[in-house]
$ cat coords_6.cif   # mmCIF, C-alpha atoms
data_structure
#
loop_
_atom_site.label_atom_id
_atom_site.label_comp_id
_atom_site.auth_asym_id
_atom_site.auth_seq_id
_atom_site.Cartn_x
_atom_site.Cartn_y
_atom_site.Cartn_z
CA MET A 1 -3.69 -18.19 8.21
CA ALA A 2 -4.52 -14.58 9.10
CA LYS A 3 -1.75 -11.99 9.09
CA TYR A 4 -3.32 -9.83 11.81
CA GLY A 5 -5.18 -10.95 14.93
CA LYS A 6 -8.55 -9.85 16.29
CA LYS A 7 -7.00 -7.41 18.78
CA ALA A 8 -5.16 -5.63 15.95
CA SER A 9 -8.38 -5.28 13.99
CA GLU A 10 -10.23 -3.88 17.01
CA LYS A 11 -7.47 -1.38 17.82
CA VAL A 12 -7.26 -0.12 14.25
CA GLY A 13 -11.05 0.26 14.18
CA GLU A 14 -10.99 2.25 17.43
CA LYS A 15 -8.25 4.56 16.17
CA MET A 16 -9.99 5.15 12.83
CA HIS A 17 -13.17 6.07 14.72
CA GLU A 18 -11.24 8.47 16.98
CA MET A 19 -9.58 10.04 13.93
CA LYS A 20 -12.92 10.62 12.21
CA GLU A 21 -14.27 12.26 15.37
CA GLY A 22 -11.15 14.46 15.57
CA LYS A 23 -10.03 13.05 18.93
CA LEU A 24 -6.94 11.08 17.86
CA LYS A 25 -3.66 12.77 18.77
CA SER A 26 -0.16 11.77 17.75
CA GLY A 27 2.16 10.55 20.50
CA GLY A 28 5.18 12.83 20.28
CA SER A 29 3.83 16.25 19.43
CA GLY A 30 0.20 15.83 20.47
CA LYS A 31 -1.08 17.18 17.14
CA LYS A 32 -4.40 16.00 15.74
CA VAL A 33 -4.11 13.06 13.33
CA THR A 34 -5.92 13.57 10.00
CA ASN A 35 -4.24 10.90 7.85
CA PRO A 36 -5.97 7.48 7.85
CA LYS A 37 -2.64 5.69 7.29
CA GLN A 38 -1.28 7.32 10.45
CA ALA A 39 -4.37 6.18 12.38
CA ILE A 40 -3.81 2.60 11.19
CA ALA A 41 -0.14 2.77 12.21
CA ILE A 42 -1.08 3.99 15.70
CA GLY A 43 -3.66 1.22 16.09
CA LEU A 44 -1.21 -1.49 15.02
CA SER A 45 1.48 -0.09 17.29
CA GLU A 46 -0.84 -0.18 20.31
CA ALA A 47 -1.99 -3.71 19.47
CA ARG A 48 1.65 -4.77 19.19
CA ARG A 49 2.38 -3.30 22.63
CA GLU A 50 -0.57 -5.16 24.15
CA GLY A 51 0.64 -8.47 22.75
CA GLY A 52 -1.73 -8.84 19.81
CA LYS A 53 -0.88 -10.84 16.70
CA VAL A 54 0.77 -8.19 14.56
CA PRO A 55 3.81 -8.75 12.31
CA ARG A 56 7.01 -6.94 13.20
CA GLN A 57 7.67 -3.56 11.61
CA PRO A 58 10.07 -3.67 8.67
CA GLU A 59 13.54 -2.37 9.47
CA LYS A 60 14.31 1.06 8.08
CA LYS A 61 16.83 1.07 5.25
CA THR A 62 19.78 3.39 5.61
CA ALA A 63 20.99 5.33 2.61
CA LYS A 64 24.34 4.15 1.33
CA ARG A 65 26.75 6.67 -0.07
CA LYS A 66 28.09 6.13 -3.53
CA SER A 67 31.75 7.04 -3.66
CA SER A 68 31.81 7.28 -7.46
CA SER A 69 29.21 10.04 -7.62
CA ARG A 70 30.95 11.85 -4.81
CA LYS A 71 34.26 11.84 -6.71
CA ALA A 72 32.60 12.99 -9.93
CA SER A 73 31.00 16.01 -8.28
CA SER A 74 34.16 17.05 -6.44
CA SER A 75 36.40 16.83 -9.51
CA LYS A 76 34.32 19.36 -11.46
CA SER A 77 35.71 22.85 -11.27
CA SER A 78 33.32 25.69 -10.78
CA GLY A 79 33.71 29.16 -12.22
CA GLY A 80 36.94 28.44 -14.06
CA LYS A 81 39.05 28.58 -10.90
CA LYS A 82 41.55 25.81 -10.29
CA ARG A 83 42.27 24.42 -6.88
CA ALA A 84 45.79 24.49 -5.56
CA SER A 85 46.81 20.89 -5.21
CA GLY A 86 49.61 19.62 -3.06
CA GLY A 87 52.41 18.44 -5.36
CA ARG A 88 51.01 17.78 -8.74
#
$ encode --input "coords_6.cif" --output "structure tokens"
Amino acid sequence: MAKYGKKASEKVGEKMHEMKEGKLKSGGSGKKVTNPKQAIAIGLSEARREGGKVPRQPEKKTAKRKSSSRKASSSKSSGGKKRASGGR
């Protein structure tokens, strides 16, 4: 079974052609697109909007803070100065 549909393939082909001609612009800023991966992403996005068979975009992963590394960096004293601590 195919992962992408015919409409997705056509849209990506159109956008690659536009990019090679120098006519493809990015949506937000309107700058000229020169990266082929960006052209593919734009084509898939448009195919997705038009109802073509395109898998969903993967969810972006959020960076998790590590509390142990945070504690280690804050406990180091810099320059030989000691911090005044509350009642120790």
$ resolve_selection --input "coords_6.cif" --expression "the PyMOL selection byres ((chain A and resi 1-13) around 8)" --output "PyMOL selection string"
chain A and resi 14-17+39-44+46-48+52-55
$ atom_distance --input "coords_6.cif" --atom1 "atom CA of A:Met19" --atom2 "atom CA of A:Arg49"
19.9 Å
$ atom_distance --input "coords_6.cif" --atom1 "atom CA of A:Gln38" --atom2 "atom CA of A:Leu24"
10.1 Å
$ closest_residue --input "coords_6.cif" --among "A:Thr34, A:Ser45, A:Gln57, A:Thr62" --to "A:Glu18" --atoms "all atoms listed in the file"
A:Thr34
$ atom_distance --input "coords_6.cif" --atom1 "atom CA of A:Gly27" --atom2 "atom CA of A:Glu50"
16.4 Å
$ closest_residue --input "coords_6.cif" --among "A:Lys60, A:Val33, A:Ser85, A:Arg65" --to "A:Lys20" --atoms "all atoms listed in the file"
A:Val33
$ axis_aligned_box --input "coords_6.cif" --around "stretch 49-57 of chain A" --padding-each-side "8 Å" --output "lines of an AutoDock Vina configuration file"
center_x = 3.0
center_y = -7.1
center_z = 17.9
size_x = 25.4
size_y = 23.5
size_z = 28.5
